[in-house]
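K.L.:
Contents are PDB, C-alpha atoms and all ligand atoms; file name structure.pdb:
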ATOM      1  CA  THR A1230     -16.928 -58.002 -26.934
ATOM      2  CA  GLY A1231     -20.600 -57.348 -26.043
ATOM      3  CA  ALA A1232     -21.179 -60.280 -23.677
ATOM      4  CA  ALA A1233     -18.376 -59.383 -21.281
ATOM      5  CA  VAL A1234     -19.206 -55.713 -20.595
ATOM      6  CA  LYS A1235     -20.858 -54.834 -17.315
ATOM      7  CA  LEU A1236     -23.734 -52.392 -17.691
ATOM      8  CA  ASP A1237     -24.679 -49.727 -15.147
ATOM      9  CA  ALA A1238     -28.237 -48.912 -14.208
ATOM     10  CA  GLY A1239     -29.572 -45.442 -13.578
ATOM     11  CA  GLY A1240     -28.337 -42.286 -15.212
ATOM     12  CA  LEU A1241     -24.662 -43.178 -15.034
ATOM     13  CA  ALA A1242     -22.462 -45.224 -17.323
ATOM     14  CA  HIS A1243     -18.832 -46.164 -16.734
ATOM     15  CA  THR A1244     -16.070 -46.638 -19.237
ATOM     16  CA  ILE A1245     -13.942 -49.745 -18.989
ATOM     17  CA  ASP A1246     -11.343 -47.793 -16.956
ATOM     18  CA  GLY A1247     -13.967 -46.386 -14.604
ATOM     19  CA  ALA A1248     -14.677 -42.863 -15.880
ATOM     20  CA  GLU A1249     -18.202 -41.838 -14.870
ATOM     21  CA  ILE A1250     -20.441 -40.653 -17.696
ATOM     22  CA  ARG A1251     -23.729 -38.903 -16.937
ATOM     23  CA  LEU A1252     -26.612 -39.732 -19.280
ATOM     24  CA  SER A1253     -29.572 -37.367 -19.416
ATOM     25  CA  ALA A1254     -32.675 -37.503 -21.567
ATOM     26  CA  ILE A1255     -33.616 -35.321 -24.519
ATOM     27  CA  ILE A1256     -37.362 -34.690 -24.391
ATOM     28  CA  ASN A1257     -39.182 -33.125 -27.347
ATOM     29  CA  ASP A1258     -42.734 -34.036 -26.426
ATOM     30  CA  PRO A1259     -44.129 -34.126 -22.871
ATOM     31  CA  ALA A1260     -46.087 -37.283 -23.834
ATOM     32  CA  GLU A1261     -42.719 -39.091 -23.771
ATOM     33  CA  LEU A1262     -42.564 -38.622 -20.000
ATOM     34  CA  ALA A1263     -45.373 -41.158 -19.561
ATOM     35  CA  VAL A1264     -43.502 -43.891 -21.431
ATOM     36  CA  VAL A1265     -39.800 -43.219 -20.756
ATOM     37  CA  ASP A1266     -38.354 -44.782 -17.590
ATOM     38  CA  ALA A1267     -36.887 -41.986 -15.470
ATOM     39  CA  SER A1268     -34.628 -44.405 -13.611
ATOM     40  CA  SER A1269     -32.543 -44.901 -16.788
ATOM     41  CA  PHE A1270     -31.528 -41.225 -16.840
ATOM     42  CA  ALA A1271     -29.813 -38.598 -14.716
ATOM     43  CA  GLY A1272     -32.712 -36.246 -15.356
ATOM     44  CA  ILE A1273     -33.407 -34.227 -18.498
ATOM     45  CA  GLY A1274     -30.490 -32.589 -20.326
ATOM     46  CA  LEU A1275     -32.645 -30.880 -22.944
ATOM     47  CA  LEU A1276     -36.368 -30.193 -22.864
ATOM     48  CA  ARG A1277     -37.192 -28.473 -26.163
ATOM     49  CA  THR A1278     -40.031 -26.086 -25.342
ATOM     50  CA  GLU A1279     -40.724 -24.971 -28.916
ATOM     51  CA  PHE A1280     -42.634 -28.211 -29.483
ATOM     52  CA  LEU A1281     -44.865 -27.613 -26.449
ATOM     53  CA  VAL A1282     -46.590 -24.728 -28.170
ATOM     54  CA  ALA A1283     -48.644 -24.781 -31.351
ATOM     55  CA  SER A1284     -49.556 -21.114 -31.640
ATOM     56  CA  PRO A1285     -48.458 -17.688 -30.398
ATOM     57  CA  ALA A1286     -51.360 -17.851 -27.905
ATOM     58  CA  ASP A1287     -49.891 -21.098 -26.529
ATOM     59  CA  ALA A1288     -46.453 -19.513 -26.288
ATOM     60  CA  LEU A1289     -47.981 -16.771 -24.128
ATOM     61  CA  ASN A1290     -50.033 -19.219 -22.031
ATOM     62  CA  GLU A1291     -48.194 -19.282 -18.709
ATOM     63  CA  GLU A1292     -50.339 -22.048 -17.205
ATOM     64  CA  LYS A1293     -49.783 -24.353 -20.171
ATOM     65  CA  HIS A1294     -45.983 -24.052 -19.814
ATOM     66  CA  TYR A1295     -46.238 -24.363 -16.051
ATOM     67  CA  ALA A1296     -48.117 -27.663 -16.085
ATOM     68  CA  ILE A1297     -45.542 -29.235 -18.402
ATOM     69  CA  TYR A1298     -42.539 -27.988 -16.442
ATOM     70  CA  ARG A1299     -44.039 -29.314 -13.220
ATOM     71  CA  GLU A1300     -44.668 -32.675 -14.869
ATOM     72  CA  ALA A1301     -41.058 -32.850 -16.094
ATOM     73  CA  LEU A1302     -39.786 -32.064 -12.582
ATOM     74  CA  ARG A1303     -42.028 -34.733 -11.099
ATOM     75  CA  TRP A1304     -40.725 -37.237 -13.671
ATOM     76  CA  ALA A1305     -37.096 -36.486 -12.807
ATOM     77  CA  GLY A1306     -37.455 -36.500  -9.009
ATOM     78  CA  ALA A1307     -34.316 -34.937  -7.498
ATOM     79  CA  ALA A1308     -32.343 -35.059 -10.781
ATOM     80  CA  PRO A1309     -31.736 -31.885 -12.808
ATOM     81  CA  VAL A1310     -34.238 -30.857 -15.478
ATOM     82  CA  THR A1311     -32.710 -28.545 -18.073
ATOM     83  CA  ILE A1312     -35.442 -26.600 -19.808
ATOM     84  CA  ARG A1313     -34.422 -24.714 -22.927
ATOM     85  CA  MET A1314     -36.183 -21.440 -23.603
ATOM     86  CA  LEU A1315     -38.016 -21.148 -26.926
ATOM     87  CA  ASP A1316     -35.688 -21.697 -29.876
ATOM     88  CA  LEU A1317     -37.969 -20.286 -32.569
ATOM     89  CA  GLY A1318     -36.714 -19.131 -35.958
ATOM     90  CA  GLY A1319     -34.468 -21.216 -38.205
ATOM     91  CA  ASP A1320     -36.016 -24.677 -38.584
ATOM     92  CA  LYS A1321     -38.612 -24.195 -35.795
ATOM     93  CA  THR A1322     -41.421 -21.756 -36.461
ATOM     94  CA  LEU A1323     -44.916 -21.035 -35.177
ATOM     95  CA  PRO A1324     -47.579 -19.331 -37.255
ATOM     96  CA  GLY A1325     -46.758 -15.665 -36.677
ATOM     97  CA  ILE A1326     -43.464 -16.250 -34.846
ATOM     98  CA  GLY A1327     -40.342 -17.134 -36.765
ATOM     99  CA  GLY A1328     -40.501 -18.091 -40.398
ATOM    100  CA  LYS A1329     -39.878 -14.731 -42.014
ATOM    101  CA  SER A1330     -36.644 -14.643 -43.996
ATOM    102  CA  SER A1331     -35.281 -12.377 -41.254
ATOM    103  CA  ASP A1332     -35.867 -15.236 -38.779
ATOM    104  CA  SER A1333     -33.689 -17.675 -40.719
ATOM    105  CA  PHE A1334     -30.778 -19.686 -39.303
ATOM    106  CA  MET A1335     -28.590 -16.558 -39.525
ATOM    107  CA  GLY A1336     -31.238 -14.111 -38.372
ATOM    108  CA  LEU A1337     -33.635 -13.573 -35.496
ATOM    109  CA  ARG A1338     -33.569 -17.015 -33.905
ATOM    110  CA  GLY A1339     -33.458 -18.452 -30.364
ATOM    111  CA  VAL A1340     -32.414 -15.936 -27.728
ATOM    112  CA  ARG A1341     -32.270 -13.190 -30.386
ATOM    113  CA  LEU A1342     -35.972 -13.646 -31.094
ATOM    114  CA  LEU A1343     -36.775 -13.844 -27.358
ATOM    115  CA  LEU A1344     -35.009 -10.550 -26.688
ATOM    116  CA  ALA A1345     -36.681  -8.942 -29.716
ATOM    117  CA  ARG A1346     -40.108 -10.201 -28.516
ATOM    118  CA  PRO A1347     -39.635  -9.833 -24.750
ATOM    119  CA  GLU A1348     -43.294 -10.673 -24.041
ATOM    120  CA  LEU A1349     -42.410 -14.272 -25.004
ATOM    121  CA  ALA A1350     -39.318 -14.284 -22.807
ATOM    122  CA  ARG A1351     -41.212 -12.788 -19.864
ATOM    123  CA  VAL A1352     -43.956 -15.407 -19.880
ATOM    124  CA  GLN A1353     -41.416 -18.197 -20.018
ATOM    125  CA  ALA A1354     -39.205 -16.593 -17.348
ATOM    126  CA  ARG A1355     -42.173 -16.282 -14.957
ATOM    127  CA  THR A1356     -43.129 -19.896 -15.524
ATOM    128  CA  LEU A1357     -39.578 -21.120 -15.012
ATOM    129  CA  LEU A1358     -39.193 -19.044 -11.833
ATOM    130  CA  ARG A1359     -42.417 -20.529 -10.423
ATOM    131  CA  ALA A1360     -41.651 -24.125 -11.416
ATOM    132  CA  ALA A1361     -38.071 -23.893 -10.102
ATOM    133  CA  ALA A1362     -39.455 -23.774  -6.569
ATOM    134  CA  TYR A1363     -40.515 -27.431  -6.994
ATOM    135  CA  GLY A1364     -37.394 -29.221  -8.213
ATOM    136  CA  ASN A1365     -33.915 -29.142  -9.646
ATOM    137  CA  LEU A1366     -34.632 -26.881 -12.629
ATOM    138  CA  GLU A1367     -31.976 -25.304 -14.856
ATOM    139  CA  VAL A1368     -32.562 -22.907 -17.741
ATOM    140  CA  LEU A1369     -30.772 -23.292 -21.071
ATOM    141  CA  LEU A1370     -30.569 -20.374 -23.520
ATOM    142  CA  PRO A1371     -30.485 -21.194 -27.254
ATOM    143  CA  MET A1372     -28.296 -19.485 -29.888
ATOM    144  CA  ILE A1373     -26.144 -17.490 -27.473
ATOM    145  CA  THR A1374     -23.509 -15.561 -29.447
ATOM    146  CA  VAL A1375     -22.208 -12.930 -27.001
ATOM    147  CA  PRO A1376     -22.218 -12.672 -23.170
ATOM    148  CA  ASP A1377     -24.526  -9.614 -23.201
ATOM    149  CA  GLU A1378     -27.417 -11.845 -24.299
ATOM    150  CA  ILE A1379     -27.167 -13.794 -21.042
ATOM    151  CA  ASP A1380     -27.074 -10.579 -18.990
ATOM    152  CA  ALA A1381     -30.146  -9.283 -20.828
ATOM    153  CA  MET A1382     -32.065 -12.489 -20.161
ATOM    154  CA  ARG A1383     -30.976 -12.580 -16.516
ATOM    155  CA  GLU A1384     -32.341  -9.048 -16.127
ATOM    156  CA  ILE A1385     -35.713 -10.245 -17.412
ATOM    157  CA  PHE A1386     -35.641 -13.109 -14.883
ATOM    158  CA  GLU A1387     -34.785 -10.689 -12.063
ATOM    159  CA  GLU A1388     -37.581  -8.272 -12.995
ATOM    160  CA  GLU A1389     -40.134 -11.059 -13.242
ATOM    161  CA  ALA A1390     -38.934 -12.584  -9.958
ATOM    162  CA  ALA A1391     -39.439  -9.233  -8.232
ATOM    163  CA  ASP A1392     -42.936  -8.963  -9.692
ATOM    164  CA  LEU A1393     -43.872 -12.499  -8.622
ATOM    165  CA  LEU A1394     -42.529 -11.777  -5.139
ATOM    166  CA  ARG A1395     -44.718  -8.663  -4.916
ATOM    167  CA  ARG A1396     -47.687 -10.868  -5.758
ATOM    168  CA  GLY A1397     -46.715 -13.292  -3.002
ATOM    169  CA  MET A1398     -45.847 -16.154  -5.361
ATOM    170  CA  GLN A1399     -43.236 -18.756  -4.509
ATOM    171  CA  THR A1400     -40.200 -18.606  -6.826
ATOM    172  CA  ARG A1401     -36.587 -19.691  -7.077
ATOM    173  CA  MET A1402     -33.925 -18.227  -9.380
ATOM    174  CA  PRO A1403     -32.680 -21.145 -11.528
ATOM    175  CA  GLU A1404     -29.146 -21.549 -12.817
ATOM    176  CA  ILE A1405     -28.930 -20.123 -16.333
ATOM    177  CA  GLY A1406     -26.653 -21.852 -18.827
ATOM    178  CA  MET A1407     -26.099 -21.629 -22.553
ATOM    179  CA  MET A1408     -26.146 -23.702 -25.698
ATOM    180  CA  VAL A1409     -22.745 -23.734 -27.383
ATOM    181  CA  GLU A1410     -23.875 -23.832 -30.996
ATOM    182  CA  VAL A1411     -22.612 -20.590 -32.526
ATOM    183  CA  PRO A1412     -18.913 -20.701 -33.478
ATOM    184  CA  ALA A1413     -18.224 -17.231 -31.998
ATOM    185  CA  ALA A1414     -19.412 -18.479 -28.609
ATOM    186  CA  ALA A1415     -17.685 -21.859 -28.901
ATOM    187  CA  LEU A1416     -14.367 -20.105 -29.575
ATOM    188  CA  THR A1417     -14.690 -17.656 -26.671
ATOM    189  CA  LEU A1418     -16.159 -19.716 -23.827
ATOM    190  CA  ASP A1419     -13.764 -18.054 -21.381
ATOM    191  CA  GLY A1420     -15.718 -14.817 -21.937
ATOM    192  CA  PHE A1421     -18.928 -16.408 -20.649
ATOM    193  CA  SER A1422     -18.289 -16.274 -16.918
ATOM    194  CA  ASN A1423     -21.972 -15.265 -16.650
ATOM    195  CA  ALA A1424     -23.151 -18.707 -17.846
ATOM    196  CA  ALA A1425     -23.691 -21.317 -15.111
ATOM    197  CA  PHE A1426     -23.083 -24.228 -17.495
ATOM    198  CA  PHE A1427     -22.458 -25.077 -21.146
ATOM    199  CA  SER A1428     -24.191 -27.535 -23.474
ATOM    200  CA  PHE A1429     -22.869 -28.243 -26.972
ATOM    201  CA  GLY A1430     -25.490 -28.065 -29.705
ATOM    202  CA  THR A1431     -23.619 -29.867 -32.415
ATOM    203  CA  ASN A1432     -26.606 -29.964 -34.792
ATOM    204  CA  ASP A1433     -26.232 -26.226 -35.245
ATOM    205  CA  LEU A1434     -22.539 -25.844 -34.478
ATOM    206  CA  ALA A1435     -21.768 -28.071 -37.469
ATOM    207  CA  GLN A1436     -23.961 -26.137 -39.893
ATOM    208  CA  TYR A1437     -22.495 -22.797 -38.850
ATOM    209  CA  LEU A1438     -18.909 -24.089 -38.966
ATOM    210  CA  MET A1439     -19.328 -25.699 -42.388
ATOM    211  CA  ALA A1440     -21.571 -22.933 -43.829
ATOM    212  CA  ALA A1441     -23.852 -25.828 -44.861
ATOM    213  CA  SER A1442     -27.512 -25.653 -43.805
ATOM    214  CA  ARG A1443     -28.781 -28.594 -41.748
ATOM    215  CA  ALA A1444     -32.015 -28.245 -43.752
ATOM    216  CA  SER A1445     -30.519 -28.528 -47.229
ATOM    217  CA  SER A1446     -30.089 -31.967 -48.754
ATOM    218  CA  ALA A1447     -28.034 -30.379 -51.548
ATOM    219  CA  VAL A1448     -25.159 -29.760 -49.113
ATOM    220  CA  ALA A1449     -25.698 -32.837 -46.943
ATOM    221  CA  GLY A1450     -22.251 -34.032 -48.010
ATOM    222  CA  LEU A1451     -20.701 -31.067 -46.193
ATOM    223  CA  TYR A1452     -23.041 -31.061 -43.218
ATOM    224  CA  ASP A1453     -21.534 -33.537 -40.785
ATOM    225  CA  ALA A1454     -22.406 -32.988 -37.123
ATOM    226  CA  ALA A1455     -19.434 -35.148 -36.134
ATOM    227  CA  ALA A1456     -16.887 -33.478 -38.447
ATOM    228  CA  PRO A1457     -13.320 -33.289 -37.078
ATOM    229  CA  VAL A1458     -13.637 -29.498 -36.739
ATOM    230  CA  VAL A1459     -16.661 -29.991 -34.445
ATOM    231  CA  CYS A1460     -14.768 -32.484 -32.281
ATOM    232  CA  ARG A1461     -11.765 -30.189 -32.106
ATOM    233  CA  LEU A1462     -13.947 -27.312 -30.870
ATOM    234  CA  ILE A1463     -15.588 -29.600 -28.316
ATOM    235  CA  ALA A1464     -12.182 -30.613 -26.959
ATOM    236  CA  GLN A1465     -11.151 -26.944 -26.682
ATOM    237  CA  GLY A1466     -14.432 -26.088 -24.993
ATOM    238  CA  VAL A1467     -14.125 -28.892 -22.448
ATOM    239  CA  GLU A1468     -10.648 -27.665 -21.539
ATOM    240  CA  ARG A1469     -11.892 -24.085 -21.085
ATOM    241  CA  ALA A1470     -14.952 -25.117 -19.092
ATOM    242  CA  ASN A1471     -12.843 -27.325 -16.811
ATOM    243  CA  ALA A1472     -10.487 -24.396 -16.196
ATOM    244  CA  MET A1473     -13.540 -22.228 -15.398
ATOM    245  CA  LYS A1474     -14.899 -25.012 -13.142
ATOM    246  CA  LYS A1475     -18.206 -24.955 -15.023
ATOM    247  CA  PRO A1476     -20.170 -28.035 -16.092
ATOM    248  CA  ILE A1477     -20.139 -28.821 -19.813
ATOM    249  CA  GLY A1478     -22.092 -31.423 -21.763
ATOM    250  CA  ILE A1479     -23.630 -32.109 -25.148
ATOM    251  CA  CYS A1480     -27.275 -32.184 -26.230
ATOM    252  CA  GLY A1481     -26.741 -32.435 -29.995
ATOM    253  CA  GLU A1482     -27.866 -35.592 -31.764
ATOM    254  CA  MET A1483     -24.358 -36.953 -32.301
ATOM    255  CA  ALA A1484     -24.241 -38.132 -28.666
ATOM    256  CA  SER A1485     -27.151 -40.502 -29.374
ATOM    257  CA  ASP A1486     -25.105 -42.284 -32.045
ATOM    258  CA  PRO A1487     -22.696 -44.914 -30.649
ATOM    259  CA  ARG A1488     -20.378 -44.370 -33.639
ATOM    260  CA  HIS A1489     -19.554 -40.882 -32.347
ATOM    261  CA  LEU A1490     -18.999 -41.758 -28.688
ATOM    262  CA  PRO A1491     -15.255 -42.490 -29.112
ATOM    263  CA  ALA A1492     -14.686 -38.946 -30.438
ATOM    264  CA  LEU A1493     -16.806 -37.362 -27.690
ATOM    265  CA  LEU A1494     -14.990 -39.294 -24.955
ATOM    266  CA  ALA A1495     -11.633 -38.429 -26.512
ATOM    267  CA  ALA A1496     -12.677 -34.758 -26.472
ATOM    268  CA  GLY A1497     -13.173 -35.082 -22.712
ATOM    269  CA  LEU A1498     -16.978 -34.882 -22.485
ATOM    270  CA  ARG A1499     -18.509 -36.740 -19.546
ATOM    271  CA  HIS A1500     -22.162 -35.616 -19.750
ATOM    272  CA  PHE A1501     -24.298 -36.693 -22.698
ATOM    273  CA  SER A1502     -27.948 -35.959 -23.389
ATOM    274  CA  VAL A1503     -29.440 -38.805 -25.365
ATOM    275  CA  ALA A1504     -32.682 -39.526 -27.250
ATOM    276  CA  PRO A1505     -34.644 -41.984 -25.072
ATOM    277  CA  ASN A1506     -34.843 -44.664 -27.789
ATOM    278  CA  CYS A1507     -31.020 -44.679 -28.068
ATOM    279  CA  ILE A1508     -30.150 -44.949 -24.363
ATOM    280  CA  ALA A1509     -29.554 -48.718 -24.265
ATOM    281  CA  ASP A1510     -27.165 -48.621 -27.242
ATOM    282  CA  VAL A1511     -25.292 -45.605 -25.859
ATOM    283  CA  ARG A1512     -24.965 -47.208 -22.427
ATOM    284  CA  SER A1513     -23.569 -50.471 -23.777
ATOM    285  CA  ALA A1514     -21.220 -48.660 -26.198
ATOM    286  CA  ILE A1515     -19.725 -46.610 -23.343
ATOM    287  CA  ALA A1516     -19.218 -49.761 -21.266
ATOM    288  CA  GLY A1517     -17.017 -51.106 -24.069
ATOM    289  CA  LEU A1518     -14.839 -48.005 -24.448
ATOM    290  CA  ARG A1519     -11.957 -46.514 -22.502
ATOM    291  CA  SER A1520     -12.202 -42.937 -21.244
ATOM    292  CA  ASP A1521      -9.871 -41.840 -24.072
ATOM    293  CA  GLY A1522     -12.426 -43.235 -26.539
ATOM    294  CA  LEU A1523     -10.394 -46.262 -27.587
ATOM    295  CA  PRO A1524     -12.057 -49.671 -27.573
ATOM    296  CA  ALA A1525     -11.505 -51.948 -24.602
ATOM    297  CA  VAL A1526     -10.201 -54.694 -26.768
ATOM    298  CA  GLU A1527      -7.540 -53.813 -29.314
ATOM    299  CA  ARG A1528      -8.106 -55.603 -32.585
ATOM    300  CA  ASN A1529      -5.340 -55.816 -35.140
TER     301      ASN A1529
HETATM  302  C1  LIG A1601     -28.348 -28.502 -31.498
HETATM  303  O1  LIG A1601     -28.307 -27.512 -32.221
HETATM  304  O2  LIG A1601     -27.461 -29.396 -31.490
HETATM  305  C2  LIG A1601     -29.491 -28.710 -30.587
HETATM  306  C3  LIG A1601     -29.476 -29.634 -29.640
HETATM  307  O3  LIG A1601     -30.573 -27.905 -30.735
HETATM  308  P1  LIG A1601     -31.634 -28.001 -31.924
HETATM  309  O4  LIG A1601     -31.364 -29.266 -32.692
HETATM  310  O5  LIG A1601     -32.957 -27.970 -31.263
HETATM  311  O6  LIG A1601     -31.348 -26.768 -32.718
HETATM  312 MG    MG A1602     -29.605 -25.858 -31.935
END
Show how you would write the structure in this file as structure tokens.
P.N.:
Amino acid sequence: TGAAVKLDAGGLAHTIDGAEIRLSAIINDPAELAVVDASSFAGIGLLRTEFLVASPADALNEEKHYAIYREALRWAGAAPVTIRMLDLGGDKTLPGIGGKSSDSFMGLRGVRLLLARPELARVQARTLLRAAAYGNLEVLLPMITVPDEIDAMREIFEEEAADLLRRGMQTRMPEIGMMVEVPAAALTLDGFSNAAFFSFGTNDLAQYLMAASRASSAVAGLYDAAAPVVCRLIAQGVERANAMKKPIGICGEMASDPRHLPALLAAGLRHFSVAPNCIADVRSAIAGLRSDGLPAVERN
């Protein structure tokens, strides 16, 4: 069917029956910004900041973060740039931060580590508050399990904003949203009225649902980021988020794989964050699907 489908430009794609799908970029390395065409994306849906830092000193280097956030905002123009706060622990460690057995996938990871080491959170909050004055910046919190974690982080942002204001610095309070990657959070989205938006992290959601580590090849047969249980939770989450009138999307890797797009469309998702090298395939796959995920042309 490939030849007949009409492809959209820019950060939008349309299904065969006209549903609008927003496509944002996943950026792991700021060097990608120089080579990826911003006009193919509706901004950045996930900027992973743990790869911007190589040492604890880097993580505490406000100016280093600041330069990269400003560059990402420049790249995106008026489009949203969703910057995720450090997701250290689990599979992403720095010498001296994360990597102890207590920082494993089930331990002090993501927002848990940030709240346990508030000096890290404070540096990043200050940088985000400063950069937010220059573009459409949103903050994404990793590994949120309970609503209190968002309140605690917002308090840090408010304290740092007050301090920056006292110093006469220009700031803006960004929207603060959450990764949906812990089953407890995915099952209770209606309790997160304090989140501005939701983003499914299916890479982790799948490992926690299946009790099968994403890092263990021995259980790779059980670890399936697109398992039916994951899709069922996504569908539930979309329904809840729509009822709460809050944006919901996905930044897990499954959205970069055209084979999984039918299930994601069927679950009701309309905002996908995609690895830049997969954008053309994702765009053309969406153009050949209906909004319920079924193919445009029935074959039997
Ligand atoms: C995820 O868990 O799906 C995700 C996008 O985050 P990460 O892979 O960085 O844990
Ligand atoms: Mg994750």
K.L.:
Pick out the residues no farther than 6 Å from ligand LIG 1601 (chain A), counting all atoms listed in the file, and list them as a list in words.
P.N.:
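Using all atoms listed in the file, I find these residues within 6 Å of ligand LIG 1601 (chain A): Glu1410, Gly1430, Thr1431, Asn1432, Asp1433, Cys1480 and Gly1481 of chain A.
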K.L.:
Give as a count of residues only the residues surrounding ligand MG 1602 (chain A) up to a distance of 12 Å, considering only C-alpha atoms and all ligand atoms.
P.N.:
43
K.L.:
Which one is closest to Ala1472 (chain A): A:Leu1416, A:Ser1513, A:Thr1278, A:Ser1422? Count only C-alpha atoms.
P.N.:
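Of A:Leu1416, A:Ser1513, A:Thr1278, A:Ser1422, the one nearest Ala1472 (chain A) is A:Ser1422, counting only C-alpha atoms.
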K.L.:
Can you tell me, as number ranges by chain, what residues are no more than 8 Å from Thr1311 (chain A) when counting only C-alpha atoms, ignoring any on the same chain fewer than 5 positions away?
P.N.:
A: 1273-1276, 1366-1369
K.L.:
Between CA of Asp1510 (chain A) and CA of Ala1492 (chain A), what is the spacing in Å?
P.N.:
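These atoms are spaced 16.1 Å apart.
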K.L.:
Could N, CA and C atoms be built for region 1452-1472 of chain A and written out as a PDB file, keeping the file's coordinate frame?
P.N.:
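Final output, part29.pdb:
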ATOM      1  N   TYR A1452     -22.490 -31.165 -44.568  1.00  0.00           N
ATOM      2  CA  TYR A1452     -23.041 -31.061 -43.218  1.00  0.00           C
ATOM      3  C   TYR A1452     -22.801 -32.364 -42.472  1.00  0.00           C
ATOM      4  N   ASP A1453     -21.850 -32.346 -41.572  1.00  0.00           N
ATOM      5  CA  ASP A1453     -21.534 -33.537 -40.785  1.00  0.00           C
ATOM      6  C   ASP A1453     -21.393 -33.091 -39.336  1.00  0.00           C
ATOM      7  N   ALA A1454     -22.393 -33.458 -38.512  1.00  0.00           N
ATOM      8  CA  ALA A1454     -22.406 -32.988 -37.123  1.00  0.00           C
ATOM      9  C   ALA A1454     -21.212 -33.519 -36.334  1.00  0.00           C
ATOM     10  N   ALA A1455     -20.568 -34.571 -36.846  1.00  0.00           N
ATOM     11  CA  ALA A1455     -19.434 -35.148 -36.134  1.00  0.00           C
ATOM     12  C   ALA A1455     -18.117 -34.863 -36.866  1.00  0.00           C
ATOM     13  N   ALA A1456     -18.094 -33.817 -37.688  1.00  0.00           N
ATOM     14  CA  ALA A1456     -16.887 -33.478 -38.447  1.00  0.00           C
ATOM     15  C   ALA A1456     -15.714 -33.232 -37.490  1.00  0.00           C
ATOM     16  N   PRO A1457     -14.485 -33.503 -37.952  1.00  0.00           N
ATOM     17  CA  PRO A1457     -13.320 -33.289 -37.078  1.00  0.00           C
ATOM     18  C   PRO A1457     -13.259 -31.870 -36.500  1.00  0.00           C
ATOM     19  N   VAL A1458     -13.686 -30.875 -37.257  1.00  0.00           N
ATOM     20  CA  VAL A1458     -13.637 -29.498 -36.739  1.00  0.00           C
ATOM     21  C   VAL A1458     -14.578 -29.340 -35.547  1.00  0.00           C
ATOM     22  N   VAL A1459     -15.716 -30.048 -35.567  1.00  0.00           N
ATOM     23  CA  VAL A1459     -16.661 -29.991 -34.445  1.00  0.00           C
ATOM     24  C   VAL A1459     -16.012 -30.627 -33.215  1.00  0.00           C
ATOM     25  N   CYS A1460     -15.395 -31.781 -33.415  1.00  0.00           N
ATOM     26  CA  CYS A1460     -14.768 -32.484 -32.281  1.00  0.00           C
ATOM     27  C   CYS A1460     -13.605 -31.678 -31.717  1.00  0.00           C
ATOM     28  N   ARG A1461     -12.881 -30.998 -32.585  1.00  0.00           N
ATOM     29  CA  ARG A1461     -11.765 -30.189 -32.106  1.00  0.00           C
ATOM     30  C   ARG A1461     -12.267 -29.038 -31.231  1.00  0.00           C
ATOM     31  N   LEU A1462     -13.372 -28.407 -31.670  1.00  0.00           N
ATOM     32  CA  LEU A1462     -13.947 -27.312 -30.870  1.00  0.00           C
ATOM     33  C   LEU A1462     -14.504 -27.823 -29.544  1.00  0.00           C
ATOM     34  N   ILE A1463     -15.076 -29.026 -29.566  1.00  0.00           N
ATOM     35  CA  ILE A1463     -15.588 -29.600 -28.316  1.00  0.00           C
ATOM     36  C   ILE A1463     -14.431 -29.812 -27.340  1.00  0.00           C
ATOM     37  N   ALA A1464     -13.339 -30.366 -27.833  1.00  0.00           N
ATOM     38  CA  ALA A1464     -12.182 -30.613 -26.959  1.00  0.00           C
ATOM     39  C   ALA A1464     -11.666 -29.311 -26.349  1.00  0.00           C
ATOM     40  N   GLN A1465     -11.578 -28.268 -27.179  1.00  0.00           N
ATOM     41  CA  GLN A1465     -11.151 -26.944 -26.682  1.00  0.00           C
ATOM     42  C   GLN A1465     -12.113 -26.436 -25.619  1.00  0.00           C
ATOM     43  N   GLY A1466     -13.407 -26.591 -25.903  1.00  0.00           N
ATOM     44  CA  GLY A1466     -14.432 -26.088 -24.993  1.00  0.00           C
ATOM     45  C   GLY A1466     -14.388 -26.805 -23.654  1.00  0.00           C
ATOM     46  N   VAL A1467     -14.187 -28.118 -23.693  1.00  0.00           N
ATOM     47  CA  VAL A1467     -14.125 -28.892 -22.448  1.00  0.00           C
ATOM     48  C   VAL A1467     -12.957 -28.398 -21.603  1.00  0.00           C
ATOM     49  N   GLU A1468     -11.825 -28.144 -22.270  1.00  0.00           N
ATOM     50  CA  GLU A1468     -10.648 -27.665 -21.539  1.00  0.00           C
ATOM     51  C   GLU A1468     -10.934 -26.310 -20.874  1.00  0.00           C
ATOM     52  N   ARG A1469     -11.554 -25.413 -21.639  1.00  0.00           N
ATOM     53  CA  ARG A1469     -11.892 -24.085 -21.085  1.00  0.00           C
ATOM     54  C   ARG A1469     -12.862 -24.206 -19.924  1.00  0.00           C
ATOM     55  N   ALA A1470     -13.912 -25.001 -20.127  1.00  0.00           N
ATOM     56  CA  ALA A1470     -14.952 -25.117 -19.092  1.00  0.00           C
ATOM     57  C   ALA A1470     -14.360 -25.721 -17.823  1.00  0.00           C
ATOM     58  N   ASN A1471     -13.483 -26.724 -17.982  1.00  0.00           N
ATOM     59  CA  ASN A1471     -12.843 -27.325 -16.811  1.00  0.00           C
ATOM     60  C   ASN A1471     -12.010 -26.280 -16.071  1.00  0.00           C
ATOM     61  N   ALA A1472     -11.298 -25.448 -16.829  1.00  0.00           N
ATOM     62  CA  ALA A1472     -10.487 -24.396 -16.196  1.00  0.00           C
ATOM     63  C   ALA A1472     -11.385 -23.400 -15.471  1.00  0.00           C
TER      64      ALA A1472
END
